[in-house]
Amino acid sequence: MSDSSRPRRPRVIVTRQLMPHVEGRMAELFDVTLSARDRAFTIDELRAAVQNCDVLVPTVTDRIDAEIIAAAGERLKLIANFGAGVDHIDLAAARAKGIMVANTPGVFTEDTADMTMALILSVPRRLAEGEKLMRSGRWEGWAPSTMLGRRVGGKLLGIIGMGRIGLAVARRARAFGLSIHYHNRRRLPEAIEDELGASYHASVDTLLRISDVVTIHCPHTTETHEMVNAARIAAMKPTAYLINTARGEIIDEKALIAALKSRRIAGAGLDVYAQEPVVDPELLTLDNAVLLPHLASATIEGREASGEKVIANIRAWADGHRPPDQVLEGWV
């Protein structure tokens, strides 16, 4: 049902710099304040923003917790998040205050799957180590017994979380000859399992024990926080690799570091970290970890598409309708 009381030209505050085309379109449509400096808002800046807008457009770098939502003025009615993940927003607090939350699902699926596949290939084959060796000037030429990695084809890939991204990774991985095994809250339809040759595991522990490569694609929630903990890492094969392009908090990072240092597992490929933008200095010392600066969604096409979804969500709300990507109760 529409709501004609909503402002036709809402006051919008954007916390980070977006693509120029997206910012230009926002300036045409809304009374918008854009981010002059591309850095995360401080707590004080967030508090001031929510007191002075109809719509807040945050990103994953902005923690919109219960305290920030409690400080919001009466006019704030929509948090139009730039990005699919909303674990940085207290959804219950927003709902209790009558503030809608929208996100931008689906636009980064292919980009994230591409980056995941890049890590699945690069970690076992030691690409980062080889690149560093070349730049160091210490390479002495080809030899039959140096810089040996592991073949990817024929290995068992364990996917934790078989949503859009997990499925896109599975399709790519199958083309590289990996066998697909997965854990998910709900089992996939038989037709999709048959298409991917995928085997379901009700227990994440079983999946971790049998996998040669484990890749994480579930959201960060209270249930998945440090789900891959010390005990589960210890149960993995010593030849196994762990890939994470989802959220850093899903892995017990200290336990992972200990396992990598002791060679309890063979390696890891990480695009996300528990305390972003801070990276544990011990991770930086490990030659069996490939570390990326949260690049999975970093494509021009994806960032433009995400911005367009933000605009569509705001326009629908301002027109008195439910945003097409409203985050509903029960979202995980």
# chains A, B, ... in the order shown; residues from 1 in each chain; ligands from 1
$ residues_around --residues "stretch 279-283 of chain A" --least-positions-apart "5" --cutoff "10 Å" --atoms "only C-alpha atoms" --output "short mmCIF file (atom, residue, chain, number, x, y, z; two decimals) with all heavy atoms, in the first residue's frame"
data_model
loop_
_atom_site.label_atom_id
_atom_site.label_comp_id
_atom_site.auth_asym_id
_atom_site.auth_seq_id
_atom_site.Cartn_x
_atom_site.Cartn_y
_atom_site.Cartn_z
N GLU A 253 39.88 -16.07 13.78
CA GLU A 253 41.10 -15.68 13.08
C GLU A 253 42.36 -16.10 13.82
O GLU A 253 43.35 -16.50 13.19
CB GLU A 253 41.08 -14.16 12.86
CG GLU A 253 42.00 -13.69 11.76
CD GLU A 253 41.67 -12.27 11.34
OE1 GLU A 253 42.13 -11.32 12.01
OE2 GLU A 253 40.96 -12.10 10.33
N LYS A 254 42.37 -16.02 15.12
CA LYS A 254 43.54 -16.43 15.91
C LYS A 254 43.80 -17.93 15.73
O LYS A 254 44.95 -18.36 15.61
CB LYS A 254 43.34 -16.10 17.38
CG LYS A 254 43.41 -14.61 17.71
CD LYS A 254 44.81 -14.05 17.45
CE LYS A 254 44.91 -12.60 17.91
NZ LYS A 254 46.25 -12.02 17.56
N LEU A 256 42.92 -19.70 13.12
CA LEU A 256 43.41 -19.88 11.76
C LEU A 256 44.89 -19.55 11.67
O LEU A 256 45.67 -20.29 11.04
CB LEU A 256 42.61 -19.02 10.79
CG LEU A 256 43.10 -19.01 9.34
CD1 LEU A 256 43.05 -20.41 8.74
CD2 LEU A 256 42.31 -18.03 8.50
N ILE A 257 45.30 -18.44 12.27
CA ILE A 257 46.71 -18.05 12.24
C ILE A 257 47.57 -19.14 12.86
O ILE A 257 48.62 -19.52 12.32
CB ILE A 257 46.90 -16.71 12.96
CG1 ILE A 257 46.29 -15.57 12.14
CG2 ILE A 257 48.39 -16.42 13.22
CD1 ILE A 257 46.18 -14.26 12.88
N ALA A 258 47.14 -19.67 14.00
CA ALA A 258 47.90 -20.73 14.66
C ALA A 258 48.02 -21.96 13.76
O ALA A 258 49.10 -22.58 13.67
CB ALA A 258 47.24 -21.10 15.98
N LEU A 260 47.87 -22.03 10.46
CA LEU A 260 48.74 -21.73 9.33
C LEU A 260 50.21 -21.71 9.75
O LEU A 260 51.09 -22.20 9.02
CB LEU A 260 48.34 -20.38 8.72
CG LEU A 260 46.99 -20.34 8.00
CD1 LEU A 260 46.60 -18.90 7.68
CD2 LEU A 260 47.02 -21.18 6.71
N LYS A 261 50.51 -21.16 10.91
CA LYS A 261 51.89 -21.08 11.39
C LYS A 261 52.46 -22.48 11.65
O LYS A 261 53.62 -22.74 11.35
CB LYS A 261 51.95 -20.25 12.67
CG LYS A 261 51.76 -18.76 12.45
CD LYS A 261 51.74 -17.98 13.74
CE LYS A 261 53.10 -17.91 14.39
NZ LYS A 261 53.09 -17.01 15.57
N LEU A 270 42.27 -15.15 1.88
CA LEU A 270 41.34 -14.29 2.62
C LEU A 270 41.15 -12.96 1.90
O LEU A 270 42.12 -12.32 1.50
CB LEU A 270 41.87 -14.02 4.03
CG LEU A 270 42.22 -15.25 4.88
CD1 LEU A 270 42.81 -14.81 6.20
CD2 LEU A 270 40.99 -16.13 5.10
N VAL A 272 38.60 -11.00 3.49
CA VAL A 272 37.89 -10.33 4.59
C VAL A 272 38.56 -10.70 5.91
O VAL A 272 39.18 -11.76 6.03
CB VAL A 272 36.40 -10.72 4.61
CG1 VAL A 272 35.64 -10.09 3.45
CG2 VAL A 272 36.24 -12.24 4.58
N TYR A 273 38.38 -9.83 6.92
CA TYR A 273 39.12 -9.97 8.17
C TYR A 273 38.22 -9.62 9.35
O TYR A 273 37.26 -8.85 9.21
CB TYR A 273 40.37 -9.08 8.14
CG TYR A 273 41.17 -9.34 6.89
CD1 TYR A 273 40.94 -8.61 5.72
CD2 TYR A 273 42.09 -10.39 6.83
CE1 TYR A 273 41.62 -8.89 4.54
CE2 TYR A 273 42.77 -10.69 5.66
CZ TYR A 273 42.54 -9.94 4.52
OH TYR A 273 43.19 -10.24 3.36
N ALA A 274 38.55 -10.15 10.50
CA ALA A 274 37.70 -10.01 11.68
C ALA A 274 37.59 -8.58 12.18
O ALA A 274 36.56 -8.18 12.71
CB ALA A 274 38.20 -10.93 12.80
N ASN A 288 51.95 -18.79 3.54
CA ASN A 288 50.91 -19.72 3.06
C ASN A 288 49.51 -19.11 3.17
O ASN A 288 48.51 -19.83 3.18
CB ASN A 288 50.97 -21.06 3.80
CG ASN A 288 50.86 -20.91 5.32
OD1 ASN A 288 51.02 -19.82 5.86
ND2 ASN A 288 50.63 -22.03 6.00
N ALA A 289 49.46 -17.78 3.25
CA ALA A 289 48.17 -17.06 3.22
C ALA A 289 48.21 -16.02 2.12
O ALA A 289 49.12 -15.20 2.06
CB ALA A 289 47.90 -16.40 4.58
N VAL A 290 47.22 -16.08 1.23
CA VAL A 290 47.04 -15.05 0.21
C VAL A 290 46.03 -14.04 0.76
O VAL A 290 44.90 -14.40 1.10
CB VAL A 290 46.54 -15.64 -1.12
CG1 VAL A 290 46.26 -14.54 -2.13
CG2 VAL A 290 47.56 -16.62 -1.68
N LEU A 291 46.44 -12.78 0.87
CA LEU A 291 45.62 -11.76 1.51
C LEU A 291 45.24 -10.68 0.50
O LEU A 291 46.11 -10.09 -0.14
CB LEU A 291 46.39 -11.12 2.67
CG LEU A 291 47.01 -12.09 3.68
CD1 LEU A 291 47.80 -11.32 4.73
CD2 LEU A 291 45.95 -12.97 4.34
N PRO A 293 42.68 -7.08 -0.19
CA PRO A 293 42.05 -5.97 0.55
C PRO A 293 40.57 -5.81 0.24
O PRO A 293 40.13 -4.80 -0.30
CB PRO A 293 42.86 -4.76 0.08
CG PRO A 293 43.24 -5.09 -1.33
CD PRO A 293 43.47 -6.58 -1.36
#
$ select_by_dssp --residues "stretch 18-240 of chain A" --states "helix (DSSP H, G or I)" --output "JSON, numbers by chain"
{"A": [20, 21, 22, 23, 24, 25, 26, 27, 28, 29, 43, 44, 45, 46, 47, 48, 49, 50, 66, 67, 68, 69, 70, 91, 92, 93, 94, 95, 96, 109, 110, 111, 112, 113, 114, 115, 116, 117, 118, 119, 120, 121, 122, 127, 128, 129, 130, 131, 132, 133, 134, 135, 136, 164, 165, 166, 167, 168, 169, 170, 171, 172, 173, 174, 175, 190, 191, 192, 193, 194, 195, 196, 204, 205, 206, 207, 208, 209, 210, 230, 231, 232, 233, 234]}
$ closest_residue --among "A:Arg171, A:Arg185, A:Arg16, A:Arg37" --to "A:Gly197" --atoms "only C-alpha atoms"
A:Arg171
$ closest_atom_pairs --of "stretch 109-161 of chain A" --to "stretch 208-212 of chain A" --cutoff "6 Å" --atoms "only C-alpha atoms" --output "Markdown table"
| residue | atom | partner | partner_atom | distance |
| --- | --- | --- | --- | --- |
| A:Lys155 | CA | A:Asp212 | CA | 5.9 |
| A:Leu156 | CA | A:Asp212 | CA | 5.2 |
| A:Leu157 | CA | A:Ser211 | CA | 5.7 |
| A:Gly158 | CA | A:Ser211 | CA | 5.3 |
$ write_last_selection --atoms "N, CA, C and O atoms" --output "short mmCIF file (atom, residue, chain, number, x, y, z; two decimals), in the first residue's frame"
data_model
loop_
_atom_site.label_atom_id
_atom_site.label_comp_id
_atom_site.auth_asym_id
_atom_site.auth_seq_id
_atom_site.Cartn_x
_atom_site.Cartn_y
_atom_site.Cartn_z
N LYS A 155 40.08 -32.43 -6.87
CA LYS A 155 39.97 -32.23 -5.43
C LYS A 155 38.50 -32.03 -5.02
O LYS A 155 37.64 -31.72 -5.84
N LEU A 156 38.26 -32.19 -3.72
CA LEU A 156 36.91 -32.05 -3.17
C LEU A 156 36.75 -30.64 -2.61
O LEU A 156 37.49 -30.24 -1.71
N LEU A 157 35.80 -29.89 -3.16
CA LEU A 157 35.52 -28.54 -2.71
C LEU A 157 34.32 -28.55 -1.77
O LEU A 157 33.23 -28.99 -2.15
N GLY A 158 34.52 -28.06 -0.56
CA GLY A 158 33.43 -27.93 0.40
C GLY A 158 32.95 -26.50 0.46
O GLY A 158 33.72 -25.59 0.77
#
$ atom_distance --atom1 "atom CA of A:Met26" --atom2 "atom CA of A:Ala80"
12.7 Å
$ closest_residue --among "A:Asp325, A:Trp317, A:Met117, A:Leu295" --to "A:Val55" --atoms "only C-alpha atoms"
A:Trp317
$ residues_around --residues "A:Met147" --least-positions-apart "6" --cutoff "9 Å" --atoms "only C-alpha atoms" --output "count of residues only"
4
$ residues_around --residues "A:Glu67" --least-positions-apart "4" --cutoff "12 Å" --atoms "only C-alpha atoms" --output "PDB file with N, CA and C atoms, in the first residue's frame"
ATOM      1  N   ILE A  43      31.574   7.657  14.775  1.00  0.00           N
ATOM      2  CA  ILE A  43      30.322   7.490  15.518  1.00  0.00           C
ATOM      3  C   ILE A  43      29.584   8.814  15.620  1.00  0.00           C
ATOM      4  N   ASP A  44      30.312   9.887  15.892  1.00  0.00           N
ATOM      5  CA  ASP A  44      29.671  11.201  15.995  1.00  0.00           C
ATOM      6  C   ASP A  44      29.059  11.629  14.673  1.00  0.00           C
ATOM      7  N   LEU A  46      27.964   9.603  12.285  1.00  0.00           N
ATOM      8  CA  LEU A  46      26.773   8.779  12.070  1.00  0.00           C
ATOM      9  C   LEU A  46      25.604   9.291  12.906  1.00  0.00           C
ATOM     10  N   ARG A  47      25.890   9.634  14.166  1.00  0.00           N
ATOM     11  CA  ARG A  47      24.836  10.128  15.040  1.00  0.00           C
ATOM     12  C   ARG A  47      24.223  11.423  14.482  1.00  0.00           C
ATOM     13  N   VAL A  50      21.996  10.540  11.230  1.00  0.00           N
ATOM     14  CA  VAL A  50      20.675   9.941  11.419  1.00  0.00           C
ATOM     15  C   VAL A  50      19.689  10.910  12.054  1.00  0.00           C
ATOM     16  N   ARG A  63      28.900   1.023  11.245  1.00  0.00           N
ATOM     17  CA  ARG A  63      28.188   0.168  12.198  1.00  0.00           C
ATOM     18  C   ARG A  63      26.964   0.914  12.714  1.00  0.00           C
ATOM     19  N   ALA A  71      19.516   7.173  18.471  1.00  0.00           N
ATOM     20  CA  ALA A  71      19.789   8.606  18.308  1.00  0.00           C
ATOM     21  C   ALA A  71      19.102   9.205  17.096  1.00  0.00           C
ATOM     22  N   ALA A  72      18.495   8.368  16.264  1.00  0.00           N
ATOM     23  CA  ALA A  72      17.901   8.853  15.013  1.00  0.00           C
ATOM     24  C   ALA A  72      16.722   9.778  15.279  1.00  0.00           C
ATOM     25  N   ILE A  89      24.132  -3.640  10.585  1.00  0.00           N
ATOM     26  CA  ILE A  89      22.937  -2.876  10.964  1.00  0.00           C
ATOM     27  C   ILE A  89      22.138  -3.686  11.976  1.00  0.00           C
ATOM     28  N   ASP A  90      21.736  -3.056  13.067  1.00  0.00           N
ATOM     29  CA  ASP A  90      20.882  -3.727  14.052  1.00  0.00           C
ATOM     30  C   ASP A  90      19.452  -3.720  13.511  1.00  0.00           C
ATOM     31  N   ALA A  93      16.570  -3.337  16.141  1.00  0.00           N
ATOM     32  CA  ALA A  93      16.420  -1.971  16.647  1.00  0.00           C
ATOM     33  C   ALA A  93      15.764  -1.077  15.608  1.00  0.00           C
ATOM     34  N   ALA A  94      16.146  -1.249  14.334  1.00  0.00           N
ATOM     35  CA  ALA A  94      15.534  -0.453  13.266  1.00  0.00           C
ATOM     36  C   ALA A  94      14.051  -0.776  13.145  1.00  0.00           C
ATOM     37  N   LYS A  97      11.901   0.748  15.795  1.00  0.00           N
ATOM     38  CA  LYS A  97      11.708   2.196  15.664  1.00  0.00           C
ATOM     39  C   LYS A  97      10.967   2.567  14.392  1.00  0.00           C
TER      40      LYS A  97
END
$ residues_around --residues "A:Pro105" --least-positions-apart "6" --cutoff "10 Å" --atoms "only C-alpha atoms" --output "PDB file with C-alpha atoms, in the first residue's frame"
ATOM      1  CA  PHE A  82      24.865  -0.008  -0.340  1.00  0.00           C
ATOM      2  CA  GLY A  83      25.688  -3.724  -0.407  1.00  0.00           C
ATOM      3  CA  ALA A  84      23.981  -7.041   0.203  1.00  0.00           C
ATOM      4  CA  GLY A  85      25.255  -7.791   3.712  1.00  0.00           C
ATOM      5  CA  ARG A 164      23.576 -17.134  -4.950  1.00  0.00           C
ATOM      6  CA  SER A 306      24.583  -1.544  -6.455  1.00  0.00           C
ATOM      7  CA  LYS A 309      19.566  -0.495  -6.637  1.00  0.00           C
ATOM      8  CA  ASP A 325      14.902  -4.878  -1.779  1.00  0.00           C
ATOM      9  CA  VAL A 327      15.146  -6.564   4.249  1.00  0.00           C
TER      10      VAL A 327
END
$ select_by_dssp --residues "stretch 209-321 of chain A" --states "strand (DSSP E)" --output "list in words"
Val213, Val214, Thr215, Ile216, Tyr241, Leu242, Ile243, Asn244, Gly267, Ala268, Gly269, Leu270, Ala289, Val290 and Leu291 of chain A
$ residues_around --residues "A:Gly307" --least-positions-apart "5" --cutoff "10 Å" --atoms "only C-alpha atoms" --output "PyMOL selection string"
chain A and resi 18-23+25-26+57+81-83+104+107+302+312-313
$ residues_around --residues "stretch 264-267 of chain A" --least-positions-apart "5" --cutoff "9 Å" --atoms "only C-alpha atoms" --output "list in words"
Val123, Pro124, Ile233, Ala234, Met236, Lys237, Pro238, Thr239, Ala240, Tyr241, Leu242, Ile243, Leu256, Ala258, Ala259, Asp287, Asn288, Ala289 and Val290 of chain A
$ atom_distance --atom1 "atom CA of A:Val152" --atom2 "atom CA of A:Asp194"
21.8 Å
$ closest_residue --among "A:Arg186, A:Arg95, A:Arg6, A:His181" --to "A:His201" --atoms "only C-alpha atoms"
A:His181
$ closest_residue --among "A:Val213, A:Ala96, A:Leu286, A:Ile160" --to "A:Ala128" --atoms "only C-alpha atoms"
A:Leu286
